[in-house]
Amino acid sequence: MRRKSNVRCLLCGSAIAGDREPRICEECEKKHELVFELDPLAGHEDVIPGKLYLGRVKRVHELGYFIALNQNVVGLLRRRDARAEHVPGAEVVVKVARVRGERVDLLPRESDGDYTIVPLRKPLPLWKIGSITASELGAAVRVRGIVAKVQRTSGPTVFTVYDETGAIECTAFAAGERAYPGIDRSDVVEVRGEVVFRLDRLQVEVKHMEKLYGAEQSSVRAEIDREIDRKAEPAETKPLVATPVLEALYPSMRELAKQLRRAVLTGVPIYLRHHADADGFIAGVAIERALLPLLRSNSPDREAEWHLFKRLPSRAPFYEMEDVVRDLQYSLEDAERFGTPMPIVLVLDNGSTWEDLPAMRKLRVYGARIMVVDHHYPGELKDGRAEVDEVAEIHINPYMAGGDYSLTAGCLGVEIARMINPEEGERMRHLPGIACVADRVKGEAAESYMRLAEERGYTMERMELIAECIDYEAFHLRFMDGRGVIEDLLGLGRLDRQAELIDILWEEARHAREVQLKAALENLRRAELANGLLLCTLDLEKYTHRFSYPPAGKTTGMVHDAVASRRGSEKTITIGYGPDFAVLRATEDVGERYGLNLNTLVAELAEELPGAGVTGGGHEVAGSIKFVAGYRRQVLERLAEKLARLGA
Ligand code: MN
């Protein structure tokens, strides 16, 4: 099949062969007197004797006029041959008489009639971007690719262009302006330029760049797309632990891995947003560690791992408005400053619940792509879809494959990391076990993951220590990612440091916990309810160190565990409250046998006390309630009444 050429004659617009130079049809060539404008990349070897060229007087000498045809080629028009006086800087049409090595002899144009100036492009071989190496330094190259970003710097305008083999920065200088204003991100372009070494990397200094159109454009784009799609294909891995749930989720996990690899290959930024607990950190760090080496080797930007990647912990157990404000700020700023596209935001160990929706909806308004890996209950499925599927392009959650909470985000994150980068993944075999211990999940899969960790020398006790250390560290990190330290704690960095860090942090965390627990237990109020339940209440504001570790939720949990374990983990409810919130924990049997469902209670309270501004929820037997401070007494009293009526 022959494709019709869409190269057209510069003068009359009729179709001509694609490789014809100058791009003038035979008819027009006969009709016009042509004056060539030499390609800036052309050398002496490209100059054709007998033809007319446009030149500029560079220097006036006794011998005559030195006339530049471009920056590389200068010829001599002898004074005795010249038909007129010329001043430096003047434009002049000359005829090339002879070329011998670097010497070019010029003659004046003979006729005085009209002439037509046409650009003459040096025929350059087409290079694949990935094959341009330091040995091409100084060479003229031609590349075709897709613009990933356009950045205006204080010097040149930098176009990052990629094809299926790699990406390179193409720098174009235009005094005080953005070069090539008609060329933008995601355009298909042909760049002709010289390979240079600038800012510690190979670049192409643009001599000419043009946007491709029509069939040429679509065939270049299709070829790049097809090849990148193939390269983005994740590794053929098998799950560390084979379970039906994981098997059912595997195809969409592979699709997620592929989309992340694709993002790296096409210069799309990736933001990881994860819950700031040990399970969330494990999911985030695992995927981060898998992606960074790819980013380093595939991006022409030496700082790509900072410019095109972010991992950010979320303090709330959902992706909240405060998080999205930052994420939008960062991505819009980068779009403005560096010309990067909007990111893929991957939400980990958060993201599946209705509480995540508003923030994710807001992101979508600005064109960010949202993906979710979570193990929290996503609400009732409708036709197999969760509520957040409205905005999440890929949503991975064990509940959507007949599983539950026990397959944690950390486990899923590590399995995905192994698909993205098997080599890095090999170092992470012990992480899912720690995630399972941290989230206190049970079941066959969790046990298999814990066994894998044990095979690597992590005892249950040590995994618990690590989980607690990460919680402690996360508490102090607040909104920072803890890069470096978290890896060391997880045994992905230096193992001597891991041991030292665990010693230090564990000691601190244990001490803080003991102080908190002792004061709390001392001041705990216990009431035996008529239905046999033990209700423990704790005024967190009065009897705990506020704003220090452990925070309210964890403190309430600790107190609850301490009391409940003495009663054989039965019939116990603990409420820790502050001025405008309460945290509730109950033993499993209170949910199963007494029918406690915190979410229902919250809904009832909100209706019964309309002025109290009640919101909140969580699981059946664990979660939190928010209210306005003026209604604290009423809310707590009403709550206690409801608990006393349970199970009757
Ligand atoms: Mn989790």
# chains A, B, ... in the order shown; residues from 1 in each chain; ligands from 1
$ residues_around --residues "segment 359-364 of chain A" --least-positions-apart "6" --cutoff "10 Å" --atoms "only C-alpha atoms" --output "list in words"
Phe318, Tyr319, Glu320, Met321, Glu322, Asp323, Val324, Val325, Asp327, Leu328, Met342, Pro343, Val345, Val347, Gly351, Ile370, Met371, Val388, Glu390, Val391 and Ala392 of chain A
$ residues_near_ligand --ligand "ligand 1" --cutoff "10 Å" --atoms "only C-alpha atoms and all ligand atoms" --output "count of residues only"
30
$ residues_around --residues "segment 609-621 of chain A" --least-positions-apart "5" --cutoff "12 Å" --atoms "only C-alpha atoms" --output "PyMOL selection string"
chain A and resi 317-318+353-355+376-379+405+553+557+560+571-575+580-604+626-639+643
$ closest_residue --among "A:Ala140, A:Leu605, A:Leu381, A:Ala562" --to "Ala520 of chain A" --atoms "only C-alpha atoms"
A:Ala562
$ closest_residue --among "A:Asp481, A:Glu522, A:Asp39, A:Glu223" --to "Leu272 of chain A" --atoms "only C-alpha atoms"
A:Asp481
$ residues_around --residues "segment 248-253 of chain A" --least-positions-apart "6" --cutoff "8 Å" --atoms "only C-alpha atoms" --output "list of chain:residue names"
A:Ile394, A:His395, A:Ile396, A:Asn397, A:Pro398, A:Ala401, A:Ile416
$ select_by_dssp --residues "segment 524-599 of chain A" --states "strand (DSSP E)" --output "MDAnalysis selection string"
chainID A and resid 525:528 534:539 572:577 581:586
$ decode --residues "segment 614-646 of chain A" --atoms "N, CA and C atoms" --output "PDB file, in the first residue's frame"
ATOM      1  N   VAL A 614     -23.735  17.022  64.418  1.00  0.00           N
ATOM      2  CA  VAL A 614     -23.087  15.705  64.538  1.00  0.00           C
ATOM      3  C   VAL A 614     -22.720  15.146  63.165  1.00  0.00           C
ATOM      4  N   THR A 615     -21.457  14.721  63.018  1.00  0.00           N
ATOM      5  CA  THR A 615     -21.004  14.004  61.814  1.00  0.00           C
ATOM      6  C   THR A 615     -20.037  12.924  62.258  1.00  0.00           C
ATOM      7  N   GLY A 616     -19.606  12.099  61.328  1.00  0.00           N
ATOM      8  CA  GLY A 616     -18.580  11.107  61.658  1.00  0.00           C
ATOM      9  C   GLY A 616     -18.998   9.726  61.258  1.00  0.00           C
ATOM     10  N   GLY A 617     -18.349   8.728  61.853  1.00  0.00           N
ATOM     11  CA  GLY A 617     -18.622   7.336  61.525  1.00  0.00           C
ATOM     12  C   GLY A 617     -17.345   6.531  61.490  1.00  0.00           C
ATOM     13  N   GLY A 618     -17.399   5.411  60.801  1.00  0.00           N
ATOM     14  CA  GLY A 618     -16.229   4.534  60.728  1.00  0.00           C
ATOM     15  C   GLY A 618     -16.713   3.129  60.501  1.00  0.00           C
ATOM     16  N   HIS A 619     -16.166   2.169  61.240  1.00  0.00           N
ATOM     17  CA  HIS A 619     -16.644   0.797  61.178  1.00  0.00           C
ATOM     18  C   HIS A 619     -17.820   0.655  62.151  1.00  0.00           C
ATOM     19  N   GLU A 620     -18.358  -0.578  62.242  1.00  0.00           N
ATOM     20  CA  GLU A 620     -19.443  -0.822  63.188  1.00  0.00           C
ATOM     21  C   GLU A 620     -18.997  -0.514  64.614  1.00  0.00           C
ATOM     22  N   VAL A 621     -17.797  -0.992  64.984  1.00  0.00           N
ATOM     23  CA  VAL A 621     -17.401  -0.927  66.393  1.00  0.00           C
ATOM     24  C   VAL A 621     -16.207  -0.009  66.642  1.00  0.00           C
ATOM     25  N   ALA A 622     -15.833   0.789  65.665  1.00  0.00           N
ATOM     26  CA  ALA A 622     -14.711   1.708  65.868  1.00  0.00           C
ATOM     27  C   ALA A 622     -14.864   2.898  64.951  1.00  0.00           C
ATOM     28  N   GLY A 623     -14.656   4.097  65.512  1.00  0.00           N
ATOM     29  CA  GLY A 623     -14.766   5.283  64.678  1.00  0.00           C
ATOM     30  C   GLY A 623     -14.818   6.525  65.535  1.00  0.00           C
ATOM     31  N   SER A 624     -15.243   7.623  64.922  1.00  0.00           N
ATOM     32  CA  SER A 624     -15.248   8.860  65.688  1.00  0.00           C
ATOM     33  C   SER A 624     -16.484   9.682  65.365  1.00  0.00           C
ATOM     34  N   ILE A 625     -16.820  10.574  66.291  1.00  0.00           N
ATOM     35  CA  ILE A 625     -17.984  11.442  66.136  1.00  0.00           C
ATOM     36  C   ILE A 625     -17.515  12.872  66.351  1.00  0.00           C
ATOM     37  N   LYS A 626     -17.963  13.752  65.486  1.00  0.00           N
ATOM     38  CA  LYS A 626     -17.667  15.173  65.686  1.00  0.00           C
ATOM     39  C   LYS A 626     -18.961  15.888  66.027  1.00  0.00           C
ATOM     40  N   PHE A 627     -18.847  16.926  66.849  1.00  0.00           N
ATOM     41  CA  PHE A 627     -20.031  17.720  67.192  1.00  0.00           C
ATOM     42  C   PHE A 627     -19.560  19.111  67.585  1.00  0.00           C
ATOM     43  N   VAL A 628     -20.493  20.036  67.778  1.00  0.00           N
ATOM     44  CA  VAL A 628     -20.059  21.370  68.207  1.00  0.00           C
ATOM     45  C   VAL A 628     -19.903  21.353  69.733  1.00  0.00           C
ATOM     46  N   ALA A 629     -18.895  22.091  70.228  1.00  0.00           N
ATOM     47  CA  ALA A 629     -18.506  22.006  71.636  1.00  0.00           C
ATOM     48  C   ALA A 629     -19.661  22.285  72.599  1.00  0.00           C
ATOM     49  N   GLY A 630     -20.558  23.186  72.222  1.00  0.00           N
ATOM     50  CA  GLY A 630     -21.668  23.554  73.101  1.00  0.00           C
ATOM     51  C   GLY A 630     -22.626  22.396  73.386  1.00  0.00           C
ATOM     52  N   TYR A 631     -22.579  21.353  72.613  1.00  0.00           N
ATOM     53  CA  TYR A 631     -23.503  20.227  72.774  1.00  0.00           C
ATOM     54  C   TYR A 631     -22.826  18.979  73.329  1.00  0.00           C
ATOM     55  N   ARG A 632     -21.622  19.137  73.827  1.00  0.00           N
ATOM     56  CA  ARG A 632     -20.888  17.940  74.225  1.00  0.00           C
ATOM     57  C   ARG A 632     -21.674  17.087  75.211  1.00  0.00           C
ATOM     58  N   ARG A 633     -22.183  17.741  76.283  1.00  0.00           N
ATOM     59  CA  ARG A 633     -22.872  16.990  77.322  1.00  0.00           C
ATOM     60  C   ARG A 633     -24.077  16.238  76.740  1.00  0.00           C
ATOM     61  N   GLN A 634     -24.904  16.942  75.960  1.00  0.00           N
ATOM     62  CA  GLN A 634     -26.093  16.307  75.390  1.00  0.00           C
ATOM     63  C   GLN A 634     -25.724  15.120  74.498  1.00  0.00           C
ATOM     64  N   VAL A 635     -24.710  15.313  73.645  1.00  0.00           N
ATOM     65  CA  VAL A 635     -24.339  14.241  72.707  1.00  0.00           C
ATOM     66  C   VAL A 635     -23.860  13.012  73.478  1.00  0.00           C
ATOM     67  N   LEU A 636     -22.993  13.247  74.481  1.00  0.00           N
ATOM     68  CA  LEU A 636     -22.440  12.107  75.211  1.00  0.00           C
ATOM     69  C   LEU A 636     -23.512  11.392  76.036  1.00  0.00           C
ATOM     70  N   GLU A 637     -24.387  12.187  76.636  1.00  0.00           N
ATOM     71  CA  GLU A 637     -25.467  11.571  77.421  1.00  0.00           C
ATOM     72  C   GLU A 637     -26.374  10.727  76.536  1.00  0.00           C
ATOM     73  N   ARG A 638     -26.762  11.306  75.417  1.00  0.00           N
ATOM     74  CA  ARG A 638     -27.656  10.606  74.498  1.00  0.00           C
ATOM     75  C   ARG A 638     -26.977   9.327  73.982  1.00  0.00           C
ATOM     76  N   LEU A 639     -25.689   9.448  73.716  1.00  0.00           N
ATOM     77  CA  LEU A 639     -24.922   8.296  73.232  1.00  0.00           C
ATOM     78  C   LEU A 639     -24.928   7.183  74.277  1.00  0.00           C
ATOM     79  N   ALA A 640     -24.685   7.563  75.542  1.00  0.00           N
ATOM     80  CA  ALA A 640     -24.659   6.574  76.621  1.00  0.00           C
ATOM     81  C   ALA A 640     -26.023   5.892  76.767  1.00  0.00           C
ATOM     82  N   GLU A 641     -27.096   6.677  76.645  1.00  0.00           N
ATOM     83  CA  GLU A 641     -28.449   6.096  76.725  1.00  0.00           C
ATOM     84  C   GLU A 641     -28.647   5.048  75.647  1.00  0.00           C
ATOM     85  N   LYS A 642     -28.209   5.369  74.453  1.00  0.00           N
ATOM     86  CA  LYS A 642     -28.384   4.457  73.326  1.00  0.00           C
ATOM     87  C   LYS A 642     -27.590   3.169  73.547  1.00  0.00           C
ATOM     88  N   LEU A 643     -26.390   3.324  74.097  1.00  0.00           N
ATOM     89  CA  LEU A 643     -25.554   2.144  74.334  1.00  0.00           C
ATOM     90  C   LEU A 643     -26.184   1.248  75.406  1.00  0.00           C
ATOM     91  N   ALA A 644     -26.810   1.902  76.392  1.00  0.00           N
ATOM     92  CA  ALA A 644     -27.432   1.136  77.471  1.00  0.00           C
ATOM     93  C   ALA A 644     -28.638   0.337  76.970  1.00  0.00           C
ATOM     94  N   ARG A 645     -29.244   0.797  75.875  1.00  0.00           N
ATOM     95  CA  ARG A 645     -30.430   0.102  75.352  1.00  0.00           C
ATOM     96  C   ARG A 645     -30.079  -0.994  74.357  1.00  0.00           C
ATOM     97  N   LEU A 646     -28.803  -1.104  74.017  1.00  0.00           N
ATOM     98  CA  LEU A 646     -28.374  -2.080  72.997  1.00  0.00           C
ATOM     99  C   LEU A 646     -28.689  -3.506  73.414  1.00  0.00           C
TER     100      LEU A 646
END
